[in-house]
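Here is the structure we will look at, set down as structure tokens.
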Amino acid sequence: MTSREIRKQFLDFFQSKNHKIVPSSPVVPFDDPTLLFTNAGMNQFKDVFLGVGKRDYKRVADTQKCIRVSGKHNDLEEVGHDTYHHTFFEMLGNWSFGDYYKEEAIIWAWELLTNVWKLPKERLWATVYKDDEEAHKLWKTKTDINPEHVLKFGEKDNFWEMADTGPCGPCSEIHINVGNDFNNPEYVNAGSPECIEIWNLVFIQYNRDESGKLNELPAKHVDTGMGFERVCAVLQKKSSNYDTDVFSPLIDEVVKLSGVKYDKEEDKIPMRVISDHIRALTFAIADGAVPGNEGRGYVLRRILRRAARYGRKLNLNSPFLYKLVDVLAENMGDVFPELLINKSNVKKIIKAEEESFNSTLDRGIALFNDLVNKLQKKNEKTIPGEDVFKLYDTYGFPVDLTNVMAIEKGFSIDEVRFNELMDQQKERSREFSKDKFTSAGTALEGFEDVDFKEFPKSEFTGYDYNSLKIETEVLFSKEHNNYIGLILRETPFYVESGGQVSDTGKLLKDGQTFQIVNAVKVFDTIIHTVEKKSGFDFTPGEKVSILIDDTRRWDIMRNHSATHFLHAALRKIIGTHIQQAGSYVGPDHLRFDFTHFSKLSPDELKDVESLVNEQIRRNLIRTRHENVPIDEAKKMGALMFFGDKYGDNVNVIQFGDFTMEFCGGTHVLNSSEIGLFKIISESSIASGVRRIEAVTGAGVEKYINSQIKQLKNFSDRIDELLESKKKLEKENSELKLKQKLGQLDQILAQHSEEKGVKIFKGRILADSMEELMSIGSELRNKMGSGVCVLISQIDDKAGIVAVVSDDLIKNRKLSAGKIVADLAKIVGGGGGGRQHLATAGGKDVSQIAVALSNVEQVVAKFL
């Protein structure tokens, strides 16, 4: 069977058992901030097991995309070196939420494996928890498994727990022995590649409390997981997962790209690593993750750089990983359409990351090799932590990559010292970025002993724009130094959250105005801090008025709504891989950070800005969906973001059909109130993260005025520079002419004579024929009686000027025009002019010296 057929048969089987077939959740769990990646099929149903969520079905099955590269599920070092560990894998699973239990789960598992897939019963083994007599009995009475093949194990192998406390229960694992000694129980749970686990049936029947006691759950659940790649290898009779049709198209493409055959073990390992890692990268990026320096981004960067380095072993020295995306999308896009939808962006991101790392990879490898050679000469086998850190910090080598390279050379690394240096770097970074004063500091000082849970939730009235000034009741006050902290029953004062800055405002009492200097939210209570005034205090139960700066608030709302429009436009024009990575929403401007692999081009920025303004002009009405159950909000299509913690109910902000996001901030009533939107900058703030800064409304007006002012200053400066340039050019010309006229003294100091006529001649520097004529005219004024011929090379041509004094024109009938005409023939040209001054030119500059040597002969000819 093909892998497609195997996957389909699993889902069809459970659909026939009245299970709802649901799509895989993203491998990037945006709604679960406790996870970097989805690592099990049950992740999307965790809320059901915790008793905080429910579904409209009780039986369900799916194939779930999973990545395991961190924490207790970290198989990275084994990937490629053995035949069955992977960073990315599919988990086939079926679940029961308080419906069927152990009996049905065991019977159906056996039916699928032996009746549908026809696996040899004599090779199958079942393990149960040592105290689970019920499962032990069911295996022996409800299936025809060899009773001796049902084994008991302890908590390590056969008891499942989500965490230290919470839902848990015994599990029953199904193993298959593919070796010759398939009746030997010693292979089970021994980590042998000949006897592998293919299915785990978890029976969630307890809740472990904080004391460690197990309490029976009122509703019992079933959670099963089957390794898809492993079962494909079994059914396709392959000794390695990598030899199945799940991986063979990728390995074939690596063979094609590298020209290396898949036959030697030293070549098989890098090919297996590459084919595994490209799956993890492609699926994660298609679901919205981007390589970076922190969290899941750094995990992806480690995986990519590890694969790139293994590519070097196959002589793949240029970016190549991105070329494998097409093969993966072609083979799995029918089951996971996001691969086809996001293929282009995935390739761009991977290629950009490869190009970035390639620039340092070779230098890092050279440094590593030099280091190993030095250590070998000292008979040392441990690479110091300082050098491991240098490879990480300077050359971008993840520590696990350095460790792999060290093991290949027979070395180890000092990971303890490396971790110490990493901790020191993190501490320096924390100290550098720590604010001297935190926004919560002033507001919370003196409140350390207050139990905020005693107070009712502060009612926020700031969503109603007619309630930006209200009268409210003081619930609690406390003085500390020169400040008073106040808790009020209602407040329009928005406290900084979700990137939106806090409001500013005033509190009024008995004709006195108190500036609100700070506010902070603790649980559901808002504490306002005002400056203390002599003779004034606040008593619980008394009335005060509070008003916020509404002009400032409107500017903030314009910018906040604009960030939603900007986000939507980026996803529509650049790609749906765009995810918000941070934001700042203030009265003066907005800042939006987002995941993307390269600088946005001027055309892309123009298109994004145009789309935002086009949508703003549609006058889209803002709809605020308040206290929407989170599952309902997801179904609405509202965008949510990894790292944000959401409760059971959320607020959703929607503008027509263009944008809808989870958001608790304040916004304009309709899009036209934003006014104009203008992007003022786009930059990189980290690898894989870009930042756009923009302005709206009055901010655009200020921006335009500042630009006009800059242009005016620039224009004035240009005028000053042009005037200065003119002056300098004039001075330079005069200086050059003076220098060139200095050449005349040398020419006048020497002359020859022909039949009583003085002849002056010479080769001089001149920039133009006009300048040559000026110099000739000046020489005529100085020489008295005589003839002068000057020749210069001007723009790769010969320029000639001849001058004759008046007395020689009159008494000896000499003509400058006739003299230059004859000389011009020598340099391949012609010319003429008046009797007292004439010019000529020629193309052959190599004959200038010949022409000068013939001056006397030419002049004598006309005497």
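Ligands are numbered from 1 in the order shown, chains are lettered A, B, ... in the order of the structure tokens, and residues start at 1 in each chain.
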Self-check item: All alpha helix (DSSP H) residues (DSSP, backbone) inside region 310-490 of chain A, as a PyMOL selection string
Solution: chain A and resi 310-312+325-332+338-341+343-377+385-395+399-408+415-433+439-444
Exercise. May I have all residues of region 173-275 of chain A that DSSP, computed from the backbone, assigns to strand (DSSP E), given as a PyMOL selection string?
Key: chain A and resi 173-177+195-208+214-227
Practice problem: Go through A:Asp245, A:Glu229, A:Glu122, A:Asp287 and flag the residue nearest Asn183 (chain A), using only C-alpha atoms for the distances. | Solution: A:Glu122
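Remark: for Phe45 (chain A), the closest of the candidate residues A:Leu11, A:Val22, A:Val69, A:Leu721 is A:Val22 (distances computed over only C-alpha atoms).
When the distance limit is 10 Å and only C-alpha atoms are what count, the residues near Glu253 (chain A), minus those fewer than 4 positions from it on the same chain, are Ser248, Pro249, Leu257, Ser258, Gly259, Met271, Ser275, Lys323, Leu324 and Val327 of chain A.
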Practice problem: Between A:Val695, A:Ile349, A:Ala749, A:Val650, single out the one closest to Asn613 (chain A), counting only C-alpha atoms. | Solution: A:Val695
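Of the residues under consideration (A:Pro26, A:Pro602, A:Pro337, A:Gly665), A:Gly665 shows the shortest atom-to-atom contact distance to Val495 (chain A) when counting only C-alpha atoms.
Residue nearest Thr623 (chain A) within the list A:His596, A:Tyr463, A:Leu76, A:Gln750: A:Tyr463 [criterion: smallest interatomic distance, only C-alpha atoms].
Coordinates place CA of Ile350 (chain A) at a distance of 8.5 Å from CA of Phe597 (chain A).
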Exercise. Extract, using only C-alpha atoms, all DNA, RNA and protein residues at most 7 Å from region 524-536 of chain A, discarding same-chain residues fewer than 3 positions from it, and format them as a ChimeraX atom specification.
Key: /A:443,452,457-458,482-487,514-521
Exercise. With a distance cut-off of 9 Å and only C-alpha atoms, select the neighbouring residues of Ala308 (chain A), excluding the residue or stretch itself and same-chain residues fewer than 3 positions from it, and output the selection as a VMD selection string.
Key: chain A and resid 274 303 to 305 311 to 312 316 to 317 319 to 321 354 357 to 358 361
Quiz prompt | Selection: 7 Å around region 816-825 of chain A, only C-alpha atoms, excl. self and same-chain fewer than 4 positions, as a ChimeraX atom specification | solution = /A:800-804,829-842,851,858-859
Could you save the residues just selected, with N, CA and C atoms, as an mmCIF file, in the first residue's frame?
data_model
loop_
_atom_site.group_PDB
_atom_site.id
_atom_site.type_symbol
_atom_site.label_atom_id
_atom_site.label_comp_id
_atom_site.auth_asym_id
_atom_site.auth_seq_id
_atom_site.Cartn_x
_atom_site.Cartn_y
_atom_site.Cartn_z
ATOM 1 N N ILE A 800 46.094 73.568 -33.040
ATOM 2 C CA ILE A 800 47.221 74.450 -33.430
ATOM 3 C C ILE A 800 46.718 75.891 -33.481
ATOM 4 N N VAL A 801 47.549 76.812 -32.940
ATOM 5 C CA VAL A 801 47.275 78.243 -33.099
ATOM 6 C C VAL A 801 48.582 78.916 -33.575
ATOM 7 N N ALA A 802 48.422 79.813 -34.523
ATOM 8 C CA ALA A 802 49.595 80.573 -35.016
ATOM 9 C C ALA A 802 49.267 82.061 -34.939
ATOM 10 N N VAL A 803 50.244 82.845 -34.493
ATOM 11 C CA VAL A 803 50.064 84.310 -34.429
ATOM 12 C C VAL A 803 51.249 84.978 -35.147
ATOM 13 N N VAL A 804 50.976 86.131 -35.771
ATOM 14 C CA VAL A 804 52.010 86.888 -36.511
ATOM 15 C C VAL A 804 51.885 88.340 -36.081
ATOM 16 N N GLY A 829 44.919 67.065 -40.585
ATOM 17 C CA GLY A 829 43.739 67.920 -40.462
ATOM 18 C C GLY A 829 43.826 69.124 -41.376
ATOM 19 N N GLY A 830 43.151 70.178 -40.990
ATOM 20 C CA GLY A 830 43.144 71.398 -41.773
ATOM 21 C C GLY A 830 42.725 72.563 -40.918
ATOM 22 N N GLY A 831 42.807 73.761 -41.465
ATOM 23 C CA GLY A 831 42.403 74.939 -40.695
ATOM 24 C C GLY A 831 42.817 76.207 -41.422
ATOM 25 N N GLY A 832 42.637 77.337 -40.763
ATOM 26 C CA GLY A 832 42.987 78.626 -41.350
ATOM 27 C C GLY A 832 42.469 79.741 -40.465
ATOM 28 N N GLY A 833 42.499 80.968 -40.982
ATOM 29 C CA GLY A 833 42.027 82.087 -40.189
ATOM 30 C C GLY A 833 42.600 83.385 -40.714
ATOM 31 N N ARG A 834 42.662 84.355 -39.859
ATOM 32 C CA ARG A 834 43.157 85.672 -40.231
ATOM 33 C C ARG A 834 44.679 85.705 -40.276
ATOM 34 N N GLN A 835 45.162 86.863 -40.761
ATOM 35 C CA GLN A 835 46.624 86.973 -40.896
ATOM 36 C C GLN A 835 47.317 87.035 -39.544
ATOM 37 N N HIS A 836 46.661 87.696 -38.563
ATOM 38 C CA HIS A 836 47.340 87.856 -37.263
ATOM 39 C C HIS A 836 47.121 86.674 -36.322
ATOM 40 N N LEU A 837 46.016 85.913 -36.510
ATOM 41 C CA LEU A 837 45.755 84.753 -35.634
ATOM 42 C C LEU A 837 44.910 83.753 -36.383
ATOM 43 N N ALA A 838 45.346 82.512 -36.342
ATOM 44 C CA ALA A 838 44.595 81.459 -37.034
ATOM 45 C C ALA A 838 44.739 80.146 -36.253
ATOM 46 N N THR A 839 43.725 79.238 -36.412
ATOM 47 C CA THR A 839 43.731 77.950 -35.714
ATOM 48 C C THR A 839 43.516 76.820 -36.692
ATOM 49 N N ALA A 840 43.954 75.646 -36.283
ATOM 50 C CA ALA A 840 43.758 74.439 -37.083
ATOM 51 C C ALA A 840 43.709 73.240 -36.139
ATOM 52 N N GLY A 841 43.240 72.106 -36.681
ATOM 53 C CA GLY A 841 43.173 70.889 -35.870
ATOM 54 C C GLY A 841 43.462 69.676 -36.712
ATOM 55 N N GLY A 842 43.822 68.563 -36.027
ATOM 56 C CA GLY A 842 44.099 67.321 -36.719
ATOM 57 C C GLY A 842 43.866 66.129 -35.809
ATOM 58 N N ALA A 851 55.191 68.169 -36.388
ATOM 59 C CA ALA A 851 54.675 69.470 -36.819
ATOM 60 C C ALA A 851 55.490 70.596 -36.210
ATOM 61 N N VAL A 858 58.151 75.811 -42.595
ATOM 62 C CA VAL A 858 56.894 76.335 -43.144
ATOM 63 C C VAL A 858 56.930 77.860 -43.212
ATOM 64 N N VAL A 859 57.423 78.502 -42.117
ATOM 65 C CA VAL A 859 57.486 79.973 -42.096
ATOM 66 C C VAL A 859 58.412 80.458 -43.209
#
Self-check item: Near-Ser785 (chain A) list (9 Å; only C-alpha atoms; drop same-chain fewer than 4 positions) as JSON, numbers by chain
Solution: {"A": [757, 758, 780, 804, 805, 806, 807, 808]}
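CA of Cys168 (chain A) to CA of Lys130 (chain A) spans 15.1 Å [interatomic distance, one decimal].
The two atoms in question, CA of Pro218 (chain A) and CA of Asp132 (chain A), are spaced 18.1 Å apart.
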